[in-house]
Structures are given as structure tokens and as C-alpha cells.
file input.cif (mmCIF, C-alpha atoms and all ligand atoms)
data_data
loop_
_atom_site.group_PDB
_atom_site.id
_atom_site.type_symbol
_atom_site.label_atom_id
_atom_site.label_comp_id
_atom_site.auth_asym_id
_atom_site.auth_seq_id
_atom_site.Cartn_x
_atom_site.Cartn_y
_atom_site.Cartn_z
ATOM 1 C CA MET Z 1492 -10.210 -14.320 -26.424
ATOM 2 C CA ARG Z 1493 -10.114 -14.527 -22.668
ATOM 3 C CA PHE Z 1494 -10.455 -17.688 -20.591
ATOM 4 C CA ARG Z 1495 -11.536 -18.038 -16.996
ATOM 5 C CA PHE Z 1496 -11.273 -20.412 -14.071
ATOM 6 C CA GLU Z 1497 -13.722 -20.152 -11.240
ATOM 7 C CA GLU Z 1498 -13.641 -21.583 -7.743
ATOM 8 C CA GLU Z 1499 -16.915 -21.974 -5.909
ATOM 9 C CA GLN Z 1500 -15.645 -20.588 -2.622
ATOM 10 C CA ALA Z 1501 -18.914 -21.119 -0.751
ATOM 11 C CA PRO Z 1502 -22.286 -22.378 -1.966
ATOM 12 C CA GLY Z 1503 -23.393 -19.897 -4.621
ATOM 13 C CA LEU Z 1504 -20.285 -17.709 -4.450
ATOM 14 C CA TRP Z 1505 -17.566 -17.883 -7.084
ATOM 15 C CA LEU Z 1506 -14.196 -16.216 -7.497
ATOM 16 C CA THR Z 1507 -13.262 -15.955 -11.170
ATOM 17 C CA TYR Z 1508 -9.682 -15.723 -12.436
ATOM 18 C CA GLY Z 1509 -8.625 -14.597 -15.906
ATOM 19 C CA VAL Z 1510 -6.441 -17.444 -17.213
ATOM 20 C CA ARG Z 1511 -3.623 -16.937 -19.734
ATOM 21 C CA SER Z 1512 -2.823 -20.638 -20.136
ATOM 22 C CA VAL Z 1513 -3.386 -24.052 -18.646
ATOM 23 C CA LEU Z 1514 0.047 -25.536 -17.967
ATOM 24 C CA ARG Z 1515 -1.147 -28.855 -16.596
ATOM 25 C CA GLN Z 1516 -4.400 -30.619 -15.955
ATOM 26 C CA GLU Z 1517 -4.516 -34.238 -14.857
ATOM 27 C CA LYS Z 1518 -6.267 -36.723 -12.641
ATOM 28 C CA THR Z 1519 -3.792 -38.153 -10.170
ATOM 29 C CA ALA Z 1520 -4.456 -41.209 -8.026
ATOM 30 C CA TYR Z 1521 -5.818 -38.878 -5.326
ATOM 31 C CA GLN Z 1522 -7.243 -35.750 -6.876
ATOM 32 C CA GLU Z 1523 -7.634 -33.533 -9.887
ATOM 33 C CA LEU Z 1524 -4.587 -31.323 -10.293
ATOM 34 C CA ALA Z 1525 -4.144 -28.195 -12.389
ATOM 35 C CA VAL Z 1526 -1.504 -25.514 -12.724
ATOM 36 C CA VAL Z 1527 -2.683 -22.441 -14.594
ATOM 37 C CA GLU Z 1528 -1.164 -19.065 -15.388
ATOM 38 C CA THR Z 1529 -3.651 -16.494 -14.095
ATOM 39 C CA GLU Z 1530 -3.786 -12.849 -15.131
ATOM 40 C CA THR Z 1531 -3.662 -11.468 -11.599
ATOM 41 C CA PHE Z 1532 -1.967 -14.005 -9.303
ATOM 42 C CA GLY Z 1533 0.607 -15.637 -11.602
ATOM 43 C CA ARG Z 1534 0.989 -19.398 -11.635
ATOM 44 C CA THR Z 1535 -1.627 -21.100 -9.526
ATOM 45 C CA LEU Z 1536 -1.891 -24.636 -8.168
ATOM 46 C CA ILE Z 1537 -5.452 -25.963 -8.014
ATOM 47 C CA LEU Z 1538 -6.498 -29.280 -6.415
ATOM 48 C CA ASP Z 1539 -10.038 -30.605 -6.827
ATOM 49 C CA GLY Z 1540 -11.172 -27.158 -7.933
ATOM 50 C CA ALA Z 1541 -9.771 -25.354 -4.858
ATOM 51 C CA VAL Z 1542 -6.933 -22.851 -5.248
ATOM 52 C CA GLN Z 1543 -4.040 -24.036 -3.078
ATOM 53 C CA THR Z 1544 -1.374 -21.497 -3.765
ATOM 54 C CA THR Z 1545 -0.489 -18.731 -6.185
ATOM 55 C CA GLU Z 1546 2.872 -17.159 -6.941
ATOM 56 C CA ARG Z 1547 1.610 -13.767 -5.922
ATOM 57 C CA ASP Z 1548 -0.072 -14.400 -2.571
ATOM 58 C CA GLU Z 1549 1.471 -17.657 -1.286
ATOM 59 C CA PHE Z 1550 3.636 -15.856 1.248
ATOM 60 C CA PHE Z 1551 0.699 -14.714 3.402
ATOM 61 C CA TYR Z 1552 -0.299 -18.301 4.111
ATOM 62 C CA HIS Z 1553 3.097 -20.006 4.143
ATOM 63 C CA GLU Z 1554 4.623 -17.464 6.511
ATOM 64 C CA MET Z 1555 1.747 -17.517 8.978
ATOM 65 C CA ILE Z 1556 1.274 -21.285 9.152
ATOM 66 C CA THR Z 1557 5.039 -21.728 9.624
ATOM 67 C CA HIS Z 1558 6.575 -18.868 11.586
ATOM 68 C CA VAL Z 1559 4.000 -18.797 14.376
ATOM 69 C CA PRO Z 1560 4.959 -22.281 15.657
ATOM 70 C CA MET Z 1561 8.632 -21.981 14.615
ATOM 71 C CA PHE Z 1562 9.188 -18.726 16.499
ATOM 72 C CA SER Z 1563 7.181 -19.965 19.493
ATOM 73 C CA HIS Z 1564 9.624 -22.841 19.938
ATOM 74 C CA PRO Z 1565 12.886 -21.816 21.626
ATOM 75 C CA ARG Z 1566 15.125 -23.901 19.345
ATOM 76 C CA PRO Z 1567 13.400 -25.856 16.564
ATOM 77 C CA ARG Z 1568 15.785 -28.460 15.141
ATOM 78 C CA ARG Z 1569 13.618 -31.229 13.725
ATOM 79 C CA VAL Z 1570 10.487 -30.348 11.802
ATOM 80 C CA LEU Z 1571 7.711 -32.410 10.228
ATOM 81 C CA VAL Z 1572 5.611 -31.061 7.354
ATOM 82 C CA VAL Z 1573 2.519 -33.041 6.397
ATOM 83 C CA GLY Z 1574 1.200 -32.156 2.915
ATOM 84 C CA GLY Z 1575 2.836 -29.027 1.559
ATOM 85 C CA GLY Z 1576 4.196 -30.752 -1.549
ATOM 86 C CA ASP Z 1577 4.598 -27.377 -3.247
ATOM 87 C CA GLY Z 1578 7.506 -26.586 -0.905
ATOM 88 C CA GLY Z 1579 6.237 -23.251 0.440
ATOM 89 C CA VAL Z 1580 6.192 -24.306 4.101
ATOM 90 C CA VAL Z 1581 9.582 -26.018 3.821
ATOM 91 C CA ARG Z 1582 11.081 -22.820 2.382
ATOM 92 C CA GLU Z 1583 9.875 -20.872 5.450
ATOM 93 C CA VAL Z 1584 11.027 -23.592 7.890
ATOM 94 C CA LEU Z 1585 14.547 -23.529 6.412
ATOM 95 C CA LYS Z 1586 14.856 -19.802 7.099
ATOM 96 C CA HIS Z 1587 15.374 -20.760 10.765
ATOM 97 C CA PRO Z 1588 19.085 -21.356 11.324
ATOM 98 C CA THR Z 1589 18.561 -23.962 14.078
ATOM 99 C CA VAL Z 1590 16.809 -26.413 11.712
ATOM 100 C CA GLU Z 1591 18.780 -29.603 11.111
ATOM 101 C CA ARG Z 1592 16.226 -31.793 9.401
ATOM 102 C CA VAL Z 1593 12.787 -31.494 7.800
ATOM 103 C CA ASP Z 1594 10.672 -34.544 6.947
ATOM 104 C CA LEU Z 1595 8.068 -33.660 4.316
ATOM 105 C CA VAL Z 1596 5.295 -36.225 3.931
ATOM 106 C CA GLU Z 1597 3.185 -35.651 0.813
ATOM 107 C CA ILE Z 1598 0.545 -38.151 -0.256
ATOM 108 C CA ASP Z 1599 0.595 -37.253 -3.962
ATOM 109 C CA ALA Z 1600 3.879 -37.497 -5.884
ATOM 110 C CA ARG Z 1601 2.249 -35.637 -8.786
ATOM 111 C CA VAL Z 1602 1.973 -32.484 -6.651
ATOM 112 C CA LEU Z 1603 5.720 -32.621 -6.019
ATOM 113 C CA GLU Z 1604 6.422 -33.129 -9.722
ATOM 114 C CA ALA Z 1605 4.037 -30.455 -10.963
ATOM 115 C CA THR Z 1606 5.334 -27.738 -8.658
ATOM 116 C CA ARG Z 1607 8.983 -28.712 -9.197
ATOM 117 C CA GLU Z 1608 8.471 -28.287 -12.900
ATOM 118 C CA LEU Z 1609 6.032 -25.406 -13.101
ATOM 119 C CA MET Z 1610 6.456 -23.414 -9.865
ATOM 120 C CA PRO Z 1611 10.193 -23.926 -9.335
ATOM 121 C CA ARG Z 1612 10.734 -20.899 -7.126
ATOM 122 C CA LEU Z 1613 8.311 -22.349 -4.601
ATOM 123 C CA ALA Z 1614 9.606 -25.914 -4.845
ATOM 124 C CA ALA Z 1615 13.319 -25.015 -4.737
ATOM 125 C CA ALA Z 1616 13.552 -25.556 -0.983
ATOM 126 C CA LEU Z 1617 12.697 -29.239 -1.411
ATOM 127 C CA ALA Z 1618 16.154 -29.823 -2.911
ATOM 128 C CA ASP Z 1619 17.892 -28.655 0.279
ATOM 129 C CA PRO Z 1620 20.032 -31.435 1.821
ATOM 130 C CA ARG Z 1621 18.273 -31.023 5.179
ATOM 131 C CA VAL Z 1622 14.973 -32.088 3.589
ATOM 132 C CA ASN Z 1623 13.850 -35.713 3.550
ATOM 133 C CA LEU Z 1624 10.937 -36.323 1.151
ATOM 134 C CA VAL Z 1625 8.467 -39.105 1.881
ATOM 135 C CA VAL Z 1626 5.578 -39.908 -0.447
ATOM 136 C CA GLN Z 1627 2.997 -41.386 1.907
ATOM 137 C CA ASP Z 1628 -0.339 -40.683 3.540
ATOM 138 C CA GLY Z 1629 0.418 -38.371 6.477
ATOM 139 C CA VAL Z 1630 -2.051 -40.219 8.714
ATOM 140 C CA GLU Z 1631 -0.202 -43.513 8.213
ATOM 141 C CA PHE Z 1632 3.218 -41.893 8.494
ATOM 142 C CA VAL Z 1633 2.484 -40.194 11.805
ATOM 143 C CA ALA Z 1634 0.694 -43.237 13.264
ATOM 144 C CA ALA Z 1635 3.749 -45.446 12.619
ATOM 145 C CA CYS Z 1636 6.384 -42.762 13.255
ATOM 146 C CA GLU Z 1637 9.165 -43.489 15.724
ATOM 147 C CA GLU Z 1638 10.956 -40.182 15.220
ATOM 148 C CA ALA Z 1639 10.283 -37.082 17.291
ATOM 149 C CA TYR Z 1640 9.926 -33.461 16.217
ATOM 150 C CA ASP Z 1641 10.039 -29.991 17.724
ATOM 151 C CA VAL Z 1642 7.479 -28.540 15.315
ATOM 152 C CA ALA Z 1643 4.939 -30.071 12.922
ATOM 153 C CA VAL Z 1644 3.065 -28.106 10.243
ATOM 154 C CA VAL Z 1645 0.041 -29.714 8.610
ATOM 155 C CA ASP Z 1646 -0.355 -27.962 5.258
ATOM 156 C CA SER Z 1647 -3.243 -29.853 3.749
ATOM 157 C CA THR Z 1648 -6.186 -29.334 1.446
ATOM 158 C CA ASP Z 1649 -9.636 -28.746 2.929
ATOM 159 C CA PRO Z 1650 -11.194 -31.455 5.154
ATOM 160 C CA VAL Z 1651 -12.777 -33.347 2.272
ATOM 161 C CA GLY Z 1652 -11.170 -35.890 -0.085
ATOM 162 C CA PRO Z 1653 -7.607 -37.068 0.581
ATOM 163 C CA ALA Z 1654 -7.117 -34.734 3.571
ATOM 164 C CA ALA Z 1655 -10.180 -35.797 5.595
ATOM 165 C CA GLY Z 1656 -8.114 -38.006 7.931
ATOM 166 C CA LEU Z 1657 -5.892 -35.062 8.853
ATOM 167 C CA TYR Z 1658 -8.784 -33.462 10.739
ATOM 168 C CA ARG Z 1659 -9.735 -36.519 12.834
ATOM 169 C CA PRO Z 1660 -9.002 -36.823 16.557
ATOM 170 C CA GLU Z 1661 -6.792 -39.914 16.020
ATOM 171 C CA PHE Z 1662 -4.457 -37.836 13.851
ATOM 172 C CA TYR Z 1663 -4.120 -35.065 16.452
ATOM 173 C CA ALA Z 1664 -3.458 -37.770 19.040
ATOM 174 C CA SER Z 1665 -0.592 -39.236 16.991
ATOM 175 C CA LEU Z 1666 0.798 -35.770 16.330
ATOM 176 C CA ALA Z 1667 0.828 -35.054 20.058
ATOM 177 C CA ARG Z 1668 2.794 -38.288 20.520
ATOM 178 C CA VAL Z 1669 5.482 -37.544 17.893
ATOM 179 C CA LEU Z 1670 6.251 -34.074 19.247
ATOM 180 C CA TYR Z 1671 8.952 -33.630 21.883
ATOM 181 C CA PRO Z 1672 7.913 -32.100 25.199
ATOM 182 C CA GLY Z 1673 7.631 -28.387 24.454
ATOM 183 C CA GLY Z 1674 6.754 -29.111 20.791
ATOM 184 C CA LEU Z 1675 4.088 -27.340 18.731
ATOM 185 C CA PHE Z 1676 1.989 -28.017 15.650
ATOM 186 C CA THR Z 1677 -0.176 -25.937 13.343
ATOM 187 C CA CYS Z 1678 -2.869 -26.815 10.841
ATOM 188 C CA GLN Z 1679 -5.086 -24.781 8.505
ATOM 189 C CA VAL Z 1680 -8.721 -24.739 9.605
ATOM 190 C CA GLU Z 1681 -10.559 -22.981 6.809
ATOM 191 C CA SER Z 1682 -12.571 -19.812 6.514
ATOM 192 C CA PRO Z 1683 -13.734 -18.174 9.758
ATOM 193 C CA VAL Z 1684 -16.524 -16.623 7.654
ATOM 194 C CA PHE Z 1685 -17.961 -19.617 5.808
ATOM 195 C CA CYS Z 1686 -17.140 -22.488 8.154
ATOM 196 C CA PRO Z 1687 -16.282 -21.244 11.648
ATOM 197 C CA ASP Z 1688 -17.577 -24.585 12.963
ATOM 198 C CA VAL Z 1689 -14.477 -26.299 11.470
ATOM 199 C CA LEU Z 1690 -12.240 -24.019 13.466
ATOM 200 C CA VAL Z 1691 -14.237 -24.346 16.679
ATOM 201 C CA ARG Z 1692 -14.272 -28.131 16.413
ATOM 202 C CA ALA Z 1693 -10.532 -28.246 15.664
ATOM 203 C CA ARG Z 1694 -9.730 -26.105 18.718
ATOM 204 C CA GLY Z 1695 -11.803 -28.452 20.879
ATOM 205 C CA THR Z 1696 -10.190 -31.614 19.550
ATOM 206 C CA VAL Z 1697 -6.650 -30.253 19.662
ATOM 207 C CA GLY Z 1698 -7.366 -29.188 23.256
ATOM 208 C CA GLU Z 1699 -7.953 -32.814 24.169
ATOM 209 C CA TYR Z 1700 -4.389 -33.757 23.271
ATOM 210 C CA PHE Z 1701 -2.423 -30.566 23.933
ATOM 211 C CA PRO Z 1702 -2.447 -28.439 27.089
ATOM 212 C CA VAL Z 1703 -2.524 -25.331 24.879
ATOM 213 C CA ALA Z 1704 -4.853 -25.063 21.859
ATOM 214 C CA ARG Z 1705 -5.345 -21.683 20.209
ATOM 215 C CA ILE Z 1706 -6.903 -20.259 17.073
ATOM 216 C CA TYR Z 1707 -5.241 -17.527 15.033
ATOM 217 C CA TRP Z 1708 -5.755 -16.038 11.576
ATOM 218 C CA GLY Z 1709 -4.116 -14.454 8.576
ATOM 219 C CA PRO Z 1710 -5.233 -12.886 5.318
ATOM 220 C CA VAL Z 1711 -4.965 -15.038 2.181
ATOM 221 C CA PRO Z 1712 -6.419 -13.089 -0.758
ATOM 222 C CA THR Z 1713 -7.222 -16.126 -2.940
ATOM 223 C CA TYR Z 1714 -8.861 -18.291 -0.251
ATOM 224 C CA PRO Z 1715 -12.588 -18.067 0.489
ATOM 225 C CA ALA Z 1716 -13.432 -14.672 2.030
ATOM 226 C CA GLY Z 1717 -9.725 -13.774 1.858
ATOM 227 C CA TRP Z 1718 -9.268 -14.496 5.531
ATOM 228 C CA TRP Z 1719 -8.038 -17.801 6.947
ATOM 229 C CA GLY Z 1720 -7.965 -19.694 10.229
ATOM 230 C CA PHE Z 1721 -5.217 -21.764 11.814
ATOM 231 C CA VAL Z 1722 -5.118 -23.894 14.945
ATOM 232 C CA VAL Z 1723 -1.968 -24.314 17.005
ATOM 233 C CA GLY Z 1724 -1.419 -27.000 19.613
ATOM 234 C CA SER Z 1725 1.446 -26.658 22.062
ATOM 235 C CA HIS Z 1726 2.967 -28.976 24.650
ATOM 236 C CA GLY Z 1727 4.329 -25.943 26.500
ATOM 237 C CA PRO Z 1728 5.295 -22.632 24.885
ATOM 238 C CA ASP Z 1729 2.660 -19.894 24.588
ATOM 239 C CA PRO Z 1730 2.152 -19.644 20.806
ATOM 240 C CA SER Z 1731 0.592 -16.176 20.989
ATOM 241 C CA ARG Z 1732 3.780 -14.645 22.355
ATOM 242 C CA PRO Z 1733 5.989 -13.250 19.590
ATOM 243 C CA PRO Z 1734 9.730 -13.945 19.759
ATOM 244 C CA ASP Z 1735 12.330 -11.492 20.990
ATOM 245 C CA GLY Z 1736 13.605 -9.102 18.332
ATOM 246 C CA ASP Z 1737 17.011 -10.786 18.022
ATOM 247 C CA ARG Z 1738 15.364 -14.065 16.969
ATOM 248 C CA THR Z 1739 13.754 -12.453 13.897
ATOM 249 C CA GLU Z 1740 16.882 -10.611 12.794
ATOM 250 C CA GLY Z 1741 18.263 -11.958 9.521
ATOM 251 C CA ILE Z 1742 15.047 -13.876 8.748
ATOM 252 C CA THR Z 1743 13.444 -12.174 5.764
ATOM 253 C CA THR Z 1744 9.648 -12.283 5.560
ATOM 254 C CA ARG Z 1745 7.038 -10.269 3.705
ATOM 255 C CA TYR Z 1746 3.958 -10.674 5.922
ATOM 256 C CA TYR Z 1747 5.207 -12.059 9.218
ATOM 257 C CA THR Z 1748 6.508 -9.635 11.858
ATOM 258 C CA ARG Z 1749 6.425 -9.773 15.642
ATOM 259 C CA GLU Z 1750 3.405 -7.456 15.426
ATOM 260 C CA THR Z 1751 1.467 -9.561 12.887
ATOM 261 C CA HIS Z 1752 2.232 -12.600 15.071
ATOM 262 C CA ARG Z 1753 0.698 -10.923 18.113
ATOM 263 C CA ALA Z 1754 -2.246 -9.489 16.154
ATOM 264 C CA ALA Z 1755 -3.104 -12.888 14.623
ATOM 265 C CA PHE Z 1756 -4.390 -14.062 18.013
ATOM 266 C CA ALA Z 1757 -6.827 -11.164 18.420
ATOM 267 C CA LEU Z 1758 -10.158 -12.772 17.602
ATOM 268 C CA PRO Z 1759 -13.405 -11.019 16.670
ATOM 269 C CA ARG Z 1760 -16.219 -11.197 19.200
ATOM 270 C CA TYR Z 1761 -18.369 -13.715 17.300
ATOM 271 C CA LEU Z 1762 -15.495 -16.217 17.210
ATOM 272 C CA GLN Z 1763 -14.678 -15.668 20.871
ATOM 273 C CA GLU Z 1764 -18.324 -16.340 21.685
ATOM 274 C CA MET Z 1765 -18.487 -19.465 19.531
ATOM 275 C CA LEU Z 1766 -15.311 -20.803 21.134
ATOM 276 C CA ALA Z 1767 -16.614 -20.012 24.626
ATOM 277 C CA ARG Z 1768 -19.919 -21.754 23.902
ATOM 278 C CA ASP Z 1769 -18.018 -24.805 22.698
ATOM 279 C CA GLY Z 1770 -16.694 -25.091 26.236
ATOM 280 C CA ALA Z 1771 -13.453 -23.620 27.440
ATOM 281 C CA ALA Z 1772 -10.613 -25.754 26.101
ATOM 282 C CA PRO Z 1773 -7.877 -26.387 28.690
ATOM 283 C CA SER Z 1774 -6.073 -23.262 27.478
ATOM 284 C CA GLY Z 1775 -9.203 -21.080 27.644
ATOM 285 C CA GLY Z 1776 -9.516 -17.989 25.438
ATOM 286 C CA GLY Z 1777 -9.303 -18.481 21.684
HETATM 287 N N1 LIG A 1 -3.397 -25.646 1.677
HETATM 288 C C1 LIG A 1 -4.615 -25.020 2.092
HETATM 289 C C2 LIG A 1 -5.518 -24.704 0.954
HETATM 290 C C3 LIG A 1 -6.905 -24.358 1.315
HETATM 291 C C4 LIG A 1 -7.566 -23.665 0.187
HETATM 292 N N2 LIG A 1 -8.977 -23.761 0.220
HETATM 293 C C5 LIG A 1 -9.741 -23.308 -0.795
HETATM 294 N N3 LIG A 1 -9.234 -22.638 -1.779
HETATM 295 N N4 LIG A 1 -11.022 -23.535 -0.742
HETATM 296 C C6 LIG A 1 -2.574 -24.911 0.789
HETATM 297 C C7 LIG A 1 -1.335 -25.588 0.376
HETATM 298 C C8 LIG A 1 -0.290 -24.590 0.093
HETATM 299 N N5 LIG A 1 1.005 -25.054 0.386
#

call {"tool": "encode", "arguments": {"input": "input.cif", "output": "C-alpha cells"}}
result
Amino acid sequence: MRFRFEEEQAPGLWLTYGVRSVLRQEKTAYQELAVVETETFGRTLILDGAVQTTERDEFFYHEMITHVPMFSHPRPRRVLVVGGGDGGVVREVLKHPTVERVDLVEIDARVLEATRELMPRLAAALADPRVNLVVQDGVEFVAACEEAYDVAVVDSTDPVGPAAGLYRPEFYASLARVLYPGGLFTCQVESPVFCPDVLVRARGTVGEYFPVARIYWGPVPTYPAGWWGFVVGSHGPDPSRPPDGDRTEGITTRYYTRETHRAAFALPRYLQEMLARDGAAPSGGG
């Protein structure tokens, strides 16, 4: 017998996974959580029916959402991660030798527990002594935060359900406030194929609070259309400029290179046109 899980990636379009076993399925206080063993992508974390991360392809997403802002900052020491309870972003952040402290703010303690238990290779980084775990709504945490950070990575679910507040202007405004001068933040902004409007809107809003707001992309095989958008806001550094070669030495990655960093900012014509129509953000371009 073979079992299947399907995600409706866009209205009327499903991606179906062969499933060997269901390791966990529960309703948490915030969402429906499942961890399943898939035939093709290994263990897979699913929240409210949307695949969040799989053992096999997690590195595409975690490396691109993390290393673009981390390498754009000259010396990232203090880092904030909002969401990301599976630990993938924290693992990438800790590869940077300058990092002294990472605050990870996850709304749902059950995500931390499930990945610690069932996807331990991903969650291992959360046990590092430089990591401070906070179980709280990221919106509340950032609004009340009196700390400051060099880099913030918002690794959330899609802009519905518990993550909706992480896409509102007030949240970007508080993020801009908690970053040091010269600080940067990134956030996932969905599929440039199925919802380019999310990405265009995010670039516009981020541009209201940061002098530099840019869109970039990376492939993520298990996300809708296999191709994903990110927005980066910067108080100074140009996020599209890859680091010097000596910065990347000794940092082991599987997708990220100086070339994939540069290429991620090359946008297709239809996106350039949509962004231009939306009105040039202060940074212009994409
Ligand atoms: N956060 C972004 C998941 C978006 C997936 N969307 C979807 N499958 N429709 C991932 C968290 C990984 N740390």
C-alpha cells in the first residue's frame, strides 16, 4: 500500500508526495502540525497543510534567506531570527564566526519540540550556547524589544494564519527600529509565479522604512512553483553585492556561493515591470 500527502500549492494545483509514515500530527494552539517521512524528500515539516521544510531540500531556502543578509553585513555579531523554530536559519547564522548571540523568537513551542525530536539534524543548532530561545509572537517581541541587532531574518509561514502580522507595515517599522545603523533584514515573500503581488507589496512597504529595499530569489523544489522570493531591507550596505572571497572561506554551503548571491538579484522582466509600476522604491531597481 502507498500513502500520499498533497499540498494545494495554488488554486487547483497540487503537489503529491509519497508518504512512508506519519511521525506526528497534532493541532497546536496556533496551527496544524505534521511531520511525515516522504519517499522523495525525507522527513518533512508541514504547517496548516503547507510544506515548510524537508530534509532533502531545506538548504536551498535556509542558505539563501540567511547568507544574503549575513554576508552583506561587514561584521554581524547579534542576530534576530523570527519564526524558524526548526533551527535551519540558526544553523546557517552560526556558520559566521563573528556571531556572538542569536535570539530566536518562535510563536509555537510545539514546532521547536517536534523538530528537536524528529528532525534533530536541523534543530541541533538551537542547542548552541550562543542561542537564546524565546517562545513568543514575533510581532509582540519586536514591538517591545530594547535590544539591537545587526541582522534579522524573518523565517515565517505564508502571510495567512499566525504569520499574518509579520507582513504588516507596523512590523517592518519595528524591525527597522531594532536594527543597528547599517543593519539588514530578510523575509520570505512567496512565489513570484503565483503571488507576485505579495512580493511587490513587500518591497514597497519595506522601502518606506529602509533606504534600501530589494527583491531576490532562490529555487526551493518543494515550495509552490519551485521558485521563491525574498525581500531584503538594509539601513546601509548594498545587499546585492557579494562578499569578498576571503569572507566565504571556511564557511561550507551547498547552494550559496558569491555567484548565486549575485545572480539572485537578477530579476525577470515581468517582475521588473511590476516593481517599476508599483512606483520606484527609494532604492529603485528590484
Ligand atoms: N518558511 C516558509 C515556508 C513557505 C512555504 N509555503 C508553502 N509551502 N506554500 C519555512 C520555514 C523553514 N524554516

call {"tool": "residues_near_ligand", "arguments": {"input": "input.cif", "ligand": "ligand LIG 1 (chain A)", "cutoff": "7 Å", "atoms": "all atoms listed in the file", "output": "number ranges by chain"}}
result
Z: 1500, 1541-1544, 1553, 1575-1580, 1646-1649, 1679, 1681, 1713-1715

call {"tool": "residues_around", "arguments": {"input": "input.cif", "residues": "segment 1590-1595 of chain Z", "least_positions_apart": "5", "cutoff": "8 Å", "atoms": "only C-alpha atoms", "output": "number ranges by chain"}}
result
Z: 1567-1576, 1581, 1584-1585, 1621-1625

call {"tool": "residues_around", "arguments": {"input": "input.cif", "residues": "Arg1582 of chain Z", "least_positions_apart": "6", "cutoff": "10 Å", "atoms": "only C-alpha atoms", "output": "PyMOL selection string"}}
result
chain Z and resi 1553-1554+1557+1612-1617+1619

call {"tool": "residues_around", "arguments": {"input": "input.cif", "residues": "Arg1515 of chain Z", "least_positions_apart": "4", "cutoff": "9 Å", "atoms": "only C-alpha atoms", "output": "list of chain:residue names"}}
result
Z:Leu1524, Z:Ala1525, Z:Val1526, Z:Val1527, Z:Ala1605, Z:Leu1609

call {"tool": "closest_residue", "arguments": {"input": "input.cif", "among": "Z:Arg1511, Z:Phe1632, Z:Arg1566, Z:Leu1690", "to": "Val1596 of chain Z", "atoms": "only C-alpha atoms"}}
result
Z:Phe1632

call {"tool": "resolve_selection", "arguments": {"input": "input.cif", "expression": "the PyMOL selection byres (((chain Z and resi 1757-1772) around 12) and not hetatm)", "output": "number ranges by chain"}}
result
Z: 1682-1684, 1686-1709, 1719-1721, 1724, 1731-1732, 1750-1756, 1773-1777

call {"tool": "write_last_selection", "arguments": {"input": "input.cif", "atoms": "C-alpha atoms", "output": "CSV table (one decimal), in the coordinates of the input"}}
result
chain,number,residue,atom,x,y,z
Z,1682,SER,CA,-12.6,-19.8,6.5
Z,1683,PRO,CA,-13.7,-18.2,9.8
Z,1684,VAL,CA,-16.5,-16.6,7.7
Z,1686,CYS,CA,-17.1,-22.5,8.2
Z,1687,PRO,CA,-16.3,-21.2,11.6
Z,1688,ASP,CA,-17.6,-24.6,13.0
Z,1689,VAL,CA,-14.5,-26.3,11.5
Z,1690,LEU,CA,-12.2,-24.0,13.5
Z,1691,VAL,CA,-14.2,-24.3,16.7
Z,1692,ARG,CA,-14.3,-28.1,16.4
Z,1693,ALA,CA,-10.5,-28.2,15.7
Z,1694,ARG,CA,-9.7,-26.1,18.7
Z,1695,GLY,CA,-11.8,-28.5,20.9
Z,1696,THR,CA,-10.2,-31.6,19.6
Z,1697,VAL,CA,-6.6,-30.3,19.7
Z,1698,GLY,CA,-7.4,-29.2,23.3
Z,1699,GLU,CA,-8.0,-32.8,24.2
Z,1700,TYR,CA,-4.4,-33.8,23.3
Z,1701,PHE,CA,-2.4,-30.6,23.9
Z,1702,PRO,CA,-2.4,-28.4,27.1
Z,1703,VAL,CA,-2.5,-25.3,24.9
Z,1704,ALA,CA,-4.9,-25.1,21.9
Z,1705,ARG,CA,-5.3,-21.7,20.2
Z,1706,ILE,CA,-6.9,-20.3,17.1
Z,1707,TYR,CA,-5.2,-17.5,15.0
Z,1708,TRP,CA,-5.8,-16.0,11.6
Z,1709,GLY,CA,-4.1,-14.5,8.6
Z,1719,TRP,CA,-8.0,-17.8,6.9
Z,1720,GLY,CA,-8.0,-19.7,10.2
Z,1721,PHE,CA,-5.2,-21.8,11.8
Z,1724,GLY,CA,-1.4,-27.0,19.6
Z,1731,SER,CA,0.6,-16.2,21.0
Z,1732,ARG,CA,3.8,-14.6,22.4
Z,1750,GLU,CA,3.4,-7.5,15.4
Z,1751,THR,CA,1.5,-9.6,12.9
Z,1752,HIS,CA,2.2,-12.6,15.1
Z,1753,ARG,CA,0.7,-10.9,18.1
Z,1754,ALA,CA,-2.2,-9.5,16.2
Z,1755,ALA,CA,-3.1,-12.9,14.6
Z,1756,PHE,CA,-4.4,-14.1,18.0
Z,1773,PRO,CA,-7.9,-26.4,28.7
Z,1774,SER,CA,-6.1,-23.3,27.5
Z,1775,GLY,CA,-9.2,-21.1,27.6
Z,1776,GLY,CA,-9.5,-18.0,25.4
Z,1777,GLY,CA,-9.3,-18.5,21.7

call {"tool": "atom_distance", "arguments": {"input": "input.cif", "atom1": "atom CA of Glu1499 of chain Z", "atom2": "atom CA of Phe1551 of chain Z"}}
result
21.2 Å

call {"tool": "closest_residue", "arguments": {"input": "input.cif", "among": "Z:Phe1562, Z:Glu1631, Z:Gln1516, Z:Glu1497", "to": "Gly1736 of chain Z", "atoms": "only C-alpha atoms"}}
result
Z:Phe1562

call {"tool": "atom_distance", "arguments": {"input": "input.cif", "atom1": "atom CA of Pro1588 of chain Z", "atom2": "atom CA of Val1644 of chain Z"}}
result
17.4 Å

call {"tool": "residues_near_point", "arguments": {"input": "input.cif", "point": "(-5.5, -17.0, -21.5)", "cutoff": "9 Å", "atoms": "all atoms listed in the file", "output": "list of chain:residue names"}}
result
Z:Met1492, Z:Arg1493, Z:Phe1494, Z:Arg1495, Z:Gly1509, Z:Val1510, Z:Arg1511, Z:Ser1512, Z:Val1513, Z:Glu1528, Z:Thr1529, Z:Glu1530

call {"tool": "write_last_selection", "arguments": {"input": "input.cif", "atoms": "C-alpha atoms", "output": "tab-separated table (two decimals), in the frame of the given file"}}
result
chain	number	residue	atom	x	y	z
Z	1492	MET	CA	-10.21	-14.32	-26.42
Z	1493	ARG	CA	-10.11	-14.53	-22.67
Z	1494	PHE	CA	-10.46	-17.69	-20.59
Z	1495	ARG	CA	-11.54	-18.04	-17.00
Z	1509	GLY	CA	-8.62	-14.60	-15.91
Z	1510	VAL	CA	-6.44	-17.44	-17.21
Z	1511	ARG	CA	-3.62	-16.94	-19.73
Z	1512	SER	CA	-2.82	-20.64	-20.14
Z	1513	VAL	CA	-3.39	-24.05	-18.65
Z	1528	GLU	CA	-1.16	-19.07	-15.39
Z	1529	THR	CA	-3.65	-16.49	-14.10
Z	1530	GLU	CA	-3.79	-12.85	-15.13

call {"tool": "axis_aligned_box", "arguments": {"input": "input.cif", "around": "segment 1503-1515 of chain Z", "padding_each_side": "4 Å", "output": "AutoDock Vina command-line options"}}
result
--center_x -11.7 --center_y -21.7 --center_z -12.3 --size_x 31.4 --size_y 22.3 --size_z 23.7

call {"tool": "atom_distance", "arguments": {"input": "input.cif", "atom1": "atom CA of Tyr1640 of chain Z", "atom2": "atom CA of Gly1674 of chain Z"}}
result
7.1 Å
